[in-house]
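Let me begin by presenting the structure, written as structure tokens, before commenting on it.
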Amino acid sequence: MAVSSTSYSALSAELSSWRELPPEVQLLLAQGAMQKAAALLAEHAELLAGEMDAGVLLDEGGPEALRLFAAAVRATNGDGWVTVGNA
């Protein structure tokens with residue numbers, strides 16, 4: 001997919017703005033994005049498991065595995081992410 005010069009300029013401006021943010025703000029924004037991604041993964045795993053339970057998709061033991069995956073994602077994400085300054 002080709003990137004137009006207009007969208008490249010906009011992307012370049014966004015990246016420049018990102019670099020201007022303090023590291024703590026960058027970290028908080030990145031953590032928020034990761035938390036949202038984890039929540040979406042868990043939600044989609046539950047939806048897929050439900051589709052298998054309903055017979056829409058072939059069930060080969062998948063629903064239980066997907067629910068386990070969703071629970072693991074939620075448990076890992078439950079306490080939040082590492083705070084600024086901790087490794």
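Residues in the structure tokens are named by chain (A, B, ... in the order shown) and by number from 1 within that chain; ligands are numbered from 1 in the order shown.
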Query raised in the report: Got a sec: who's within 8 Å of A:Pro63, counting only C-alpha atoms, leaving out chain neighbours fewer than 3 positions off, as a VMD selection string?
Result: chain A and resid 46 48 to 50 52 to 53 59 66 to 67
Report task. One decimal, Å: what's the distance from atom CA of A:Ala72 over to atom CA of A:Lys36, could you say? Result -> 15.0 Å
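In this model, the gap between atom CA of A:Ser17 and atom CA of A:Gln35 comes to 22.3 Å.
For A:Ala70, the set of protein, DNA and RNA residues having any atom at most 10 Å away, when counting only C-alpha atoms and skipping those fewer than 5 positions along the same chain, is A:Ala38, A:Ala39, A:Leu40, A:Leu41, A:Ala42, A:Glu43, A:His44, A:Ala45, A:Glu46, A:Ala49, A:Glu64, A:Ala65, A:Ala75, A:Thr76.
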Any chance you can output those residues with C-alpha atoms as an mmCIF file, in the first residue's frame?
data_model
loop_
_atom_site.group_PDB
_atom_site.id
_atom_site.type_symbol
_atom_site.label_atom_id
_atom_site.label_comp_id
_atom_site.auth_asym_id
_atom_site.auth_seq_id
_atom_site.Cartn_x
_atom_site.Cartn_y
_atom_site.Cartn_z
ATOM 1 C CA ALA A 38 -5.455 -6.773 26.248
ATOM 2 C CA ALA A 39 -9.113 -6.129 27.060
ATOM 3 C CA LEU A 40 -10.036 -6.451 23.364
ATOM 4 C CA LEU A 41 -8.084 -9.711 23.046
ATOM 5 C CA ALA A 42 -9.875 -11.181 26.035
ATOM 6 C CA GLU A 43 -13.261 -9.997 24.744
ATOM 7 C CA HIS A 44 -12.644 -11.466 21.295
ATOM 8 C CA ALA A 45 -11.497 -14.768 22.795
ATOM 9 C CA GLU A 46 -14.769 -14.945 24.758
ATOM 10 C CA ALA A 49 -15.576 -19.333 22.390
ATOM 11 C CA GLU A 64 -12.137 -23.865 27.001
ATOM 12 C CA ALA A 65 -8.714 -22.890 25.673
ATOM 13 C CA ALA A 75 -5.405 -11.674 35.239
ATOM 14 C CA THR A 76 -2.173 -10.328 33.797
#
